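Below: entry23.pdb (PDB, C-alpha atoms, pLDDT in the B column)
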```
ATOM      1  CA  MET P   1      12.056  19.882  10.828  1.00 63.00           C
ATOM      2  CA  SER P   2       8.528  20.815   9.821  1.00 83.00           C
ATOM      3  CA  TRP P   3       6.548  18.390   7.662  1.00 91.00           C
ATOM      4  CA  PRO P   4       3.145  18.798   6.017  1.00 95.00           C
ATOM      5  CA  GLU P   5       0.289  17.806   8.359  1.00 96.00           C
ATOM      6  CA  PRO P   6      -0.447  14.405   6.716  1.00 97.00           C
ATOM      7  CA  VAL P   7       3.247  13.463   6.954  1.00 97.00           C
ATOM      8  CA  GLU P   8       3.336  14.552  10.597  1.00 97.00           C
ATOM      9  CA  ARG P   9       0.334  12.258  11.245  1.00 97.00           C
ATOM     10  CA  VAL P  10       2.350   9.337   9.880  1.00 98.00           C
ATOM     11  CA  ALA P  11       5.460  10.365  11.835  1.00 97.00           C
ATOM     12  CA  ALA P  12       3.445  10.684  15.064  1.00 97.00           C
ATOM     13  CA  PHE P  13       1.898   7.240  14.503  1.00 98.00           C
ATOM     14  CA  LEU P  14       5.361   5.739  13.967  1.00 97.00           C
ATOM     15  CA  ARG P  15       6.722   7.422  17.136  1.00 97.00           C
ATOM     16  CA  GLN P  16       3.737   6.400  19.283  1.00 97.00           C
ATOM     17  CA  SER P  17       3.934   2.817  18.001  1.00 97.00           C
ATOM     18  CA  GLY P  18       7.643   2.536  18.766  1.00 97.00           C
ATOM     19  CA  ALA P  19       8.137   1.571  15.135  1.00 96.00           C
ATOM     20  CA  GLU P  20      11.483   0.806  13.607  1.00 95.00           C
ATOM     21  CA  ALA P  21      11.071   2.908  10.479  1.00 97.00           C
ATOM     22  CA  ARG P  22      12.833   5.661   8.588  1.00 97.00           C
ATOM     23  CA  LEU P  23      10.747   8.512   7.151  1.00 97.00           C
ATOM     24  CA  GLU P  24      12.357  10.405   4.281  1.00 96.00           C
ATOM     25  CA  GLU P  25      11.567  13.407   2.110  1.00 96.00           C
ATOM     26  CA  PHE P  26      12.598  13.250  -1.544  1.00 96.00           C
ATOM     27  CA  PRO P  27      13.246  16.241  -3.819  1.00 93.00           C
ATOM     28  CA  ILE P  28      11.491  14.466  -6.690  1.00 90.00           C
ATOM     29  CA  GLY P  29       7.875  13.349  -6.462  1.00 90.00           C
ATOM     30  CA  THR P  30       6.918   9.802  -5.472  1.00 92.00           C
ATOM     31  CA  PRO P  31       3.205   9.650  -6.447  1.00 90.00           C
ATOM     32  CA  THR P  32       3.553   6.443  -8.487  1.00 94.00           C
ATOM     33  CA  ALA P  33       5.266   3.189  -7.600  1.00 96.00           C
ATOM     34  CA  ARG P  34       7.834   3.731 -10.374  1.00 97.00           C
ATOM     35  CA  ASP P  35       8.572   7.257  -9.166  1.00 96.00           C
ATOM     36  CA  ALA P  36       8.911   5.995  -5.594  1.00 96.00           C
ATOM     37  CA  ALA P  37      11.282   3.169  -6.576  1.00 97.00           C
ATOM     38  CA  ARG P  38      13.421   5.592  -8.561  1.00 96.00           C
ATOM     39  CA  ALA P  39      13.578   8.058  -5.643  1.00 96.00           C
ATOM     40  CA  ALA P  40      14.289   5.388  -3.006  1.00 97.00           C
ATOM     41  CA  GLY P  41      16.768   3.539  -5.205  1.00 97.00           C
ATOM     42  CA  CYS P  42      15.037   0.189  -4.717  1.00 97.00           C
ATOM     43  CA  GLU P  43      13.271  -2.476  -6.755  1.00 97.00           C
ATOM     44  CA  LEU P  44       9.722  -1.727  -7.850  1.00 97.00           C
ATOM     45  CA  ALA P  45       8.574  -4.838  -5.927  1.00 98.00           C
ATOM     46  CA  GLN P  46       9.774  -3.192  -2.664  1.00 98.00           C
ATOM     47  CA  ILE P  47       7.339  -0.301  -3.052  1.00 98.00           C
ATOM     48  CA  VAL P  48       4.092  -0.886  -1.178  1.00 98.00           C
ATOM     49  CA  LYS P  49       0.990   0.354  -2.942  1.00 97.00           C
ATOM     50  CA  SER P  50      -1.856   1.085  -0.518  1.00 97.00           C
ATOM     51  CA  VAL P  51      -4.916   0.435  -2.674  1.00 97.00           C
ATOM     52  CA  VAL P  52      -8.325   1.320  -1.247  1.00 98.00           C
ATOM     53  CA  PHE P  53     -11.258  -0.906  -2.206  1.00 98.00           C
ATOM     54  CA  ASP P  54     -14.947  -0.185  -1.739  1.00 98.00           C
ATOM     55  CA  CYS P  55     -16.547  -3.419  -0.539  1.00 97.00           C
ATOM     56  CA  GLY P  56     -20.207  -2.483  -0.596  1.00 94.00           C
ATOM     57  CA  GLY P  57     -19.755   0.683   1.449  1.00 94.00           C
ATOM     58  CA  ARG P  58     -16.980  -0.747   3.648  1.00 96.00           C
ATOM     59  CA  TYR P  59     -13.385   0.223   2.942  1.00 98.00           C
ATOM     60  CA  VAL P  60     -10.525  -2.254   2.752  1.00 98.00           C
ATOM     61  CA  VAL P  61      -6.890  -1.312   2.099  1.00 98.00           C
ATOM     62  CA  VAL P  62      -4.796  -3.816   0.187  1.00 98.00           C
ATOM     63  CA  LEU P  63      -1.018  -3.543   0.366  1.00 98.00           C
ATOM     64  CA  THR P  64       0.522  -4.806  -2.870  1.00 98.00           C
ATOM     65  CA  PRO P  65       3.996  -4.713  -4.410  1.00 98.00           C
ATOM     66  CA  GLY P  66       4.631  -1.825  -6.786  1.00 97.00           C
ATOM     67  CA  ASP P  67       5.056  -4.134  -9.752  1.00 97.00           C
ATOM     68  CA  ARG P  68       1.720  -5.941  -9.372  1.00 96.00           C
ATOM     69  CA  ARG P  69      -2.044  -5.227  -9.296  1.00 96.00           C
ATOM     70  CA  ALA P  70      -4.531  -6.227  -6.622  1.00 97.00           C
ATOM     71  CA  ASP P  71      -7.147  -8.783  -7.643  1.00 97.00           C
ATOM     72  CA  GLY P  72     -10.654  -7.513  -6.828  1.00 97.00           C
ATOM     73  CA  GLY P  73     -12.075 -11.032  -6.640  1.00 97.00           C
ATOM     74  CA  LYS P  74      -9.475 -12.131  -4.093  1.00 97.00           C
ATOM     75  CA  VAL P  75     -10.062  -8.940  -2.104  1.00 97.00           C
ATOM     76  CA  ALA P  76     -13.832  -9.502  -2.090  1.00 97.00           C
ATOM     77  CA  ALA P  77     -13.400 -13.103  -0.920  1.00 97.00           C
ATOM     78  CA  ALA P  78     -11.012 -12.106   1.882  1.00 96.00           C
ATOM     79  CA  ALA P  79     -13.246  -9.207   2.965  1.00 95.00           C
ATOM     80  CA  GLY P  80     -16.403 -11.336   2.876  1.00 95.00           C
ATOM     81  CA  CYS P  81     -18.260  -9.139   0.401  1.00 95.00           C
ATOM     82  CA  ALA P  82     -19.963  -9.774  -2.928  1.00 96.00           C
ATOM     83  CA  SER P  83     -17.599  -7.536  -4.895  1.00 96.00           C
ATOM     84  CA  ALA P  84     -14.716  -5.145  -4.404  1.00 97.00           C
ATOM     85  CA  ARG P  85     -13.916  -2.216  -6.652  1.00 97.00           C
ATOM     86  CA  VAL P  86     -11.090   0.280  -6.481  1.00 97.00           C
ATOM     87  CA  ALA P  87     -12.301   3.344  -4.591  1.00 98.00           C
ATOM     88  CA  THR P  88     -12.737   6.737  -6.231  1.00 97.00           C
ATOM     89  CA  ARG P  89     -10.381   9.594  -5.387  1.00 97.00           C
ATOM     90  CA  ALA P  90     -12.976  11.070  -3.004  1.00 97.00           C
ATOM     91  CA  GLN P  91     -13.475   7.691  -1.312  1.00 98.00           C
ATOM     92  CA  VAL P  92      -9.704   7.302  -0.868  1.00 98.00           C
ATOM     93  CA  VAL P  93      -9.580  10.601   1.024  1.00 97.00           C
ATOM     94  CA  GLU P  94     -12.687   9.720   3.046  1.00 97.00           C
ATOM     95  CA  ALA P  95     -11.353   6.275   3.989  1.00 98.00           C
ATOM     96  CA  THR P  96      -7.717   7.131   4.661  1.00 98.00           C
ATOM     97  CA  GLY P  97      -7.382  10.868   5.212  1.00 97.00           C
ATOM     98  CA  PHE P  98      -4.683  10.917   2.528  1.00 97.00           C
ATOM     99  CA  ALA P  99      -4.791  12.044  -1.094  1.00 95.00           C
ATOM    100  CA  PRO P 100      -4.255   9.469  -3.858  1.00 94.00           C
ATOM    101  CA  GLY P 101      -0.536   9.245  -4.616  1.00 90.00           C
ATOM    102  CA  ALA P 102       0.298   9.937  -0.959  1.00 94.00           C
ATOM    103  CA  VAL P 103      -1.661   7.219   0.880  1.00 96.00           C
ATOM    104  CA  ALA P 104       0.050   5.809   3.940  1.00 97.00           C
ATOM    105  CA  PRO P 105      -1.172   2.479   5.364  1.00 97.00           C
ATOM    106  CA  PHE P 106      -1.646   4.139   8.768  1.00 97.00           C
ATOM    107  CA  PRO P 107      -3.256   5.899  10.565  1.00 96.00           C
ATOM    108  CA  LEU P 108      -6.455   5.291   8.617  1.00 96.00           C
ATOM    109  CA  ARG P 109      -9.764   7.116   9.194  1.00 95.00           C
ATOM    110  CA  ALA P 110     -12.485   4.716   8.101  1.00 97.00           C
ATOM    111  CA  VAL P 111     -10.873   1.486   6.959  1.00 97.00           C
ATOM    112  CA  GLU P 112     -12.410  -1.717   8.243  1.00 96.00           C
ATOM    113  CA  ARG P 113      -9.561  -4.008   7.319  1.00 96.00           C
ATOM    114  CA  VAL P 114      -6.042  -4.119   5.897  1.00 98.00           C
ATOM    115  CA  LEU P 115      -4.814  -6.985   3.723  1.00 98.00           C
ATOM    116  CA  VAL P 116      -1.189  -7.478   2.655  1.00 98.00           C
ATOM    117  CA  ASP P 117      -0.012  -9.511  -0.289  1.00 98.00           C
ATOM    118  CA  GLN P 118       2.305 -12.216   0.988  1.00 97.00           C
ATOM    119  CA  THR P 119       4.986 -11.497  -1.624  1.00 97.00           C
ATOM    120  CA  LEU P 120       5.796  -8.248   0.211  1.00 98.00           C
ATOM    121  CA  LEU P 121       6.878 -10.337   3.206  1.00 97.00           C
ATOM    122  CA  THR P 122       9.852 -11.761   1.278  1.00 97.00           C
ATOM    123  CA  HIS P 123      11.825  -8.494   1.304  1.00 98.00           C
ATOM    124  CA  ASP P 124      14.192  -7.254   3.993  1.00 98.00           C
ATOM    125  CA  LEU P 125      12.905  -3.701   3.574  1.00 98.00           C
ATOM    126  CA  VAL P 126       9.845  -2.122   1.920  1.00 98.00           C
ATOM    127  CA  TRP P 127       8.865   1.495   1.262  1.00 98.00           C
ATOM    128  CA  ILE P 128       5.409   2.905   2.013  1.00 98.00           C
ATOM    129  CA  GLY P 129       3.706   6.174   1.147  1.00 97.00           C
ATOM    130  CA  ALA P 130       4.001   8.592   4.048  1.00 97.00           C
ATOM    131  CA  GLY P 131       1.329  11.230   3.532  1.00 96.00           C
ATOM    132  CA  SER P 132       2.634  13.371   0.676  1.00 96.00           C
ATOM    133  CA  PRO P 133       3.887  12.812  -2.876  1.00 94.00           C
ATOM    134  CA  ASN P 134       7.429  13.552  -1.651  1.00 96.00           C
ATOM    135  CA  HIS P 135       7.608  11.380   1.481  1.00 97.00           C
ATOM    136  CA  LEU P 136       8.182   7.665   1.961  1.00 97.00           C
ATOM    137  CA  ALA P 137       8.972   5.518   4.973  1.00 98.00           C
ATOM    138  CA  ALA P 138      11.179   2.426   4.962  1.00 98.00           C
ATOM    139  CA  LEU P 139      10.519  -0.468   7.315  1.00 98.00           C
ATOM    140  CA  ALA P 140      10.692  -4.236   7.569  1.00 98.00           C
ATOM    141  CA  PRO P 141       7.639  -6.112   6.246  1.00 98.00           C
ATOM    142  CA  ALA P 142       7.050  -7.679   9.673  1.00 97.00           C
ATOM    143  CA  GLU P 143       6.874  -4.174  11.155  1.00 98.00           C
ATOM    144  CA  LEU P 144       4.400  -3.169   8.430  1.00 98.00           C
ATOM    145  CA  VAL P 145       2.174  -6.116   9.326  1.00 98.00           C
ATOM    146  CA  ARG P 146       2.404  -5.290  13.034  1.00 98.00           C
ATOM    147  CA  LEU P 147       1.531  -1.621  12.544  1.00 98.00           C
ATOM    148  CA  THR P 148      -1.362  -2.234  10.143  1.00 98.00           C
ATOM    149  CA  ARG P 149      -2.609  -5.482  11.716  1.00 97.00           C
ATOM    150  CA  ALA P 150      -2.782  -6.684   8.129  1.00 97.00           C
ATOM    151  CA  GLN P 151      -3.902 -10.148   7.139  1.00 97.00           C
ATOM    152  CA  PRO P 152      -1.369 -11.747   4.754  1.00 97.00           C
ATOM    153  CA  LEU P 153      -2.819 -13.469   1.677  1.00 96.00           C
ATOM    154  CA  ASP P 154      -2.408 -13.898  -2.055  1.00 97.00           C
ATOM    155  CA  ALA P 155      -4.018 -10.627  -3.163  1.00 96.00           C
ATOM    156  CA  ILE P 156      -2.482 -10.001  -6.576  1.00 96.00           C
ATOM    157  CA  GLU P 157      -3.659 -10.721 -10.083  1.00 94.00           C
ATOM    158  CA  ARG P 158      -2.166 -13.766 -11.709  1.00 86.00           C
ATOM    159  CA  LEU P 159       0.421 -12.896 -14.329  1.00 75.00           C
ATOM    160  CA  ALA P 160      -0.330 -14.328 -17.745  1.00 64.00           C
ATOM    161  CA  ASP P 161       2.002 -17.122 -18.847  1.00 59.00           C
ATOM    162  CA  ALA P 162       3.362 -17.198 -22.389  1.00 54.00           C
ATOM    163  CA  GLY P 163       1.144 -20.229 -23.054  1.00 53.00           C
ATOM    164  CA  ASP P 164      -2.064 -18.543 -21.861  1.00 52.00           C
ATOM    165  CA  ARG P 165      -4.915 -17.718 -24.203  1.00 54.00           C
ATOM    166  CA  PRO P 166      -5.494 -14.035 -25.097  1.00 53.00           C
ATOM    167  CA  ASP P 167      -8.230 -13.856 -22.420  1.00 51.00           C
ATOM    168  CA  GLY P 168      -5.669 -14.871 -19.754  1.00 51.00           C
ATOM    169  CA  SER P 169      -6.988 -18.395 -19.167  1.00 49.00           C
ATOM    170  CA  PRO P 170      -4.422 -21.216 -19.124  1.00 54.00           C
ATOM    171  CA  ARG P 171      -4.191 -23.561 -22.117  1.00 50.00           C
TER     172      ARG P 171
END
```

Once more with this new file: its structure as structure tokens, please.
Amino acid sequence: MSWPEPVERVAAFLRQSGAEARLEEFPIGTPTARDAARAAGCELAQIVKSVVFDCGGRYVVVLTPGDRRADGGKVAAAAGCASARVATRAQVVEATGFAPGAVAPFPLRAVERVLVDQTLLTHDLVWIGAGSPNHLAALAPAELVRLTRAQPLDAIERLADAGDRPDGSPR
């Protein structure tokens, strides 16, 4: 089977790492977390978003569940930088070697650090981008942490409670 070059990079990394993972190609696109969950037939929370942050010229990848957003303040604190902003499309390619919508959490070109939101560790199986908008890989969260050397932490934005003020602060 012949895969596109970025997907082959992911497959080679998985083989060389002795990873327990399953790489799959889907006939429908998987560029968004919702699309990926629909294709894989799993919960949105089992989709791993690989979000690239620019931390003052250093790149950090944050692995978050598909149904949540990374918190820039938490990312900045964990990365030891003044601020963290979501990288531009060009920066995503520069940092990871993958196009947005197809970012795999490994192998990464110029990423200093990988962080993983701890809620991803509660699943038996998660799905990651695998180098193209039609490829995903399934693996156990512990295997994801091993392969990425990710630091687990609370990296997601707090969900507003029904009793919160319109600005999101608690009452």

Translate the PyMOL selection byres ((chain P and resi 84) around 6) into a concrete residue list for this structure, as a compact mmCIF listing (two decimals) with C-alpha atoms, in the coordinates of the input.
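Resulting contents of selection_20.txt:
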```txt
# COMPACT_ATOMS: atom_id res chain seq x y z
CA PHE P 53 -11.26 -0.91 -2.21
CA ASP P 54 -14.95 -0.18 -1.74
CA CYS P 55 -16.55 -3.42 -0.54
CA GLY P 72 -10.65 -7.51 -6.83
CA ALA P 76 -13.83 -9.50 -2.09
CA SER P 83 -17.60 -7.54 -4.89
CA ARG P 85 -13.92 -2.22 -6.65
```

Nearby residues (only C-alpha atoms) at most 7 Å from region 57-66 of chain P, same-chain spacing under 3 positions excluded, as a tab-separated table (two decimals) with C-alpha atoms, in the coordinates of the input:
```tsv
chain	number	residue	atom	x	y	z
P	33	ALA	CA	5.27	3.19	-7.60
P	44	LEU	CA	9.72	-1.73	-7.85
P	45	ALA	CA	8.57	-4.84	-5.93
P	46	GLN	CA	9.77	-3.19	-2.66
P	47	ILE	CA	7.34	-0.30	-3.05
P	48	VAL	CA	4.09	-0.89	-1.18
P	49	LYS	CA	0.99	0.35	-2.94
P	50	SER	CA	-1.86	1.08	-0.52
P	51	VAL	CA	-4.92	0.44	-2.67
P	52	VAL	CA	-8.32	1.32	-1.25
P	53	PHE	CA	-11.26	-0.91	-2.21
P	54	ASP	CA	-14.95	-0.18	-1.74
P	69	ARG	CA	-2.04	-5.23	-9.30
P	70	ALA	CA	-4.53	-6.23	-6.62
P	95	ALA	CA	-11.35	6.28	3.99
P	110	ALA	CA	-12.48	4.72	8.10
P	111	VAL	CA	-10.87	1.49	6.96
P	112	GLU	CA	-12.41	-1.72	8.24
P	113	ARG	CA	-9.56	-4.01	7.32
P	114	VAL	CA	-6.04	-4.12	5.90
P	115	LEU	CA	-4.81	-6.98	3.72
P	116	VAL	CA	-1.19	-7.48	2.66
P	117	ASP	CA	-0.01	-9.51	-0.29
P	120	LEU	CA	5.80	-8.25	0.21
```

I'd like the residues picked by the PyMOL selection byres ((chain P and resi 103-109) around 8) written out as a PyMOL selection string, using the chain letters and numbers from the file. chain P and resi 9-10+13+50+61+63+94-102+110-111+128-132+147-148

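Closest to Gln151 (chain P) among P:Cys81, P:Cys42, P:Leu23, P:Val75 is P:Val75, based on only C-alpha atoms.
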
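Interatomic distance, CA of Thr119 (chain P) against CA of Asn134 (chain P): 25.2 Å.
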
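Here CA of Glu157 (chain P) and CA of Gly73 (chain P) stand 9.1 Å from one another.
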
Report as number ranges by chain all protein, DNA and RNA residues lying within 12 Å of Gly18 (chain P), evaluated on only C-alpha atoms, omitting residues in the same chain fewer than 6 positions from it. P: 11-12, 143, 146-147

Can you turn the PyMOL selection byres ((chain P and resi 21) around 8) into a concrete residue list for this file, as number ranges by chain? P: 14, 19-20, 22-23, 137-140

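You will find CA of Leu136 (chain P) at 15.2 Å from CA of Arg15 (chain P).
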
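Compared by their closest atoms to Val86 (chain P), and using only C-alpha atoms, the residues P:Asp35, P:Glu24, P:Asp71, P:Glu8 rank with P:Asp71 nearest.
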
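Using only C-alpha atoms, the shortest contact distance between Trp127 (chain P) and any of P:Ala87, P:Val93, P:Leu144, P:Leu153 is found at P:Leu144.
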
Expected file for region 3-18 of chain P keeping N, CA and C atoms, as a short mmCIF file (atom, residue, chain, number, x, y, z; two decimals), in the first residue's frame:
```cif
data_model
loop_
_atom_site.label_atom_id
_atom_site.label_comp_id
_atom_site.auth_asym_id
_atom_site.auth_seq_id
_atom_site.Cartn_x
_atom_site.Cartn_y
_atom_site.Cartn_z
N TRP P 3 1.16 5.24 0.62
CA TRP P 3 0.54 6.38 1.29
C TRP P 3 1.24 7.66 0.88
N PRO P 4 0.56 8.79 1.03
CA PRO P 4 1.23 10.08 0.79
C PRO P 4 2.46 10.21 1.71
N GLU P 5 3.45 10.97 1.29
CA GLU P 5 4.71 11.07 2.04
C GLU P 5 4.52 11.44 3.51
N PRO P 6 3.68 12.44 3.86
CA PRO P 6 3.52 12.76 5.29
C PRO P 6 2.96 11.59 6.10
N VAL P 7 2.05 10.82 5.50
CA VAL P 7 1.47 9.67 6.18
C VAL P 7 2.54 8.59 6.34
N GLU P 8 3.37 8.40 5.34
CA GLU P 8 4.46 7.42 5.43
C GLU P 8 5.44 7.81 6.54
N ARG P 9 5.68 9.12 6.73
CA ARG P 9 6.54 9.57 7.83
C ARG P 9 5.98 9.12 9.18
N VAL P 10 4.66 9.28 9.34
CA VAL P 10 4.01 8.85 10.58
C VAL P 10 4.10 7.34 10.72
N ALA P 11 3.80 6.61 9.64
CA ALA P 11 3.86 5.15 9.68
C ALA P 11 5.26 4.66 10.02
N ALA P 12 6.27 5.27 9.42
CA ALA P 12 7.67 4.89 9.70
C ALA P 12 8.01 5.16 11.16
N PHE P 13 7.58 6.29 11.69
CA PHE P 13 7.82 6.61 13.10
C PHE P 13 7.18 5.55 14.00
N LEU P 14 5.94 5.18 13.69
CA LEU P 14 5.24 4.17 14.49
C LEU P 14 5.97 2.83 14.42
N ARG P 15 6.41 2.43 13.23
CA ARG P 15 7.14 1.15 13.08
C ARG P 15 8.44 1.19 13.87
N GLN P 16 9.23 2.26 13.70
CA GLN P 16 10.53 2.36 14.35
C GLN P 16 10.41 2.44 15.87
N SER P 17 9.29 2.96 16.35
CA SER P 17 9.08 3.09 17.79
C SER P 17 8.48 1.84 18.42
N GLY P 18 8.14 0.86 17.57
CA GLY P 18 7.50 -0.35 18.08
C GLY P 18 6.15 -0.05 18.69
#
```
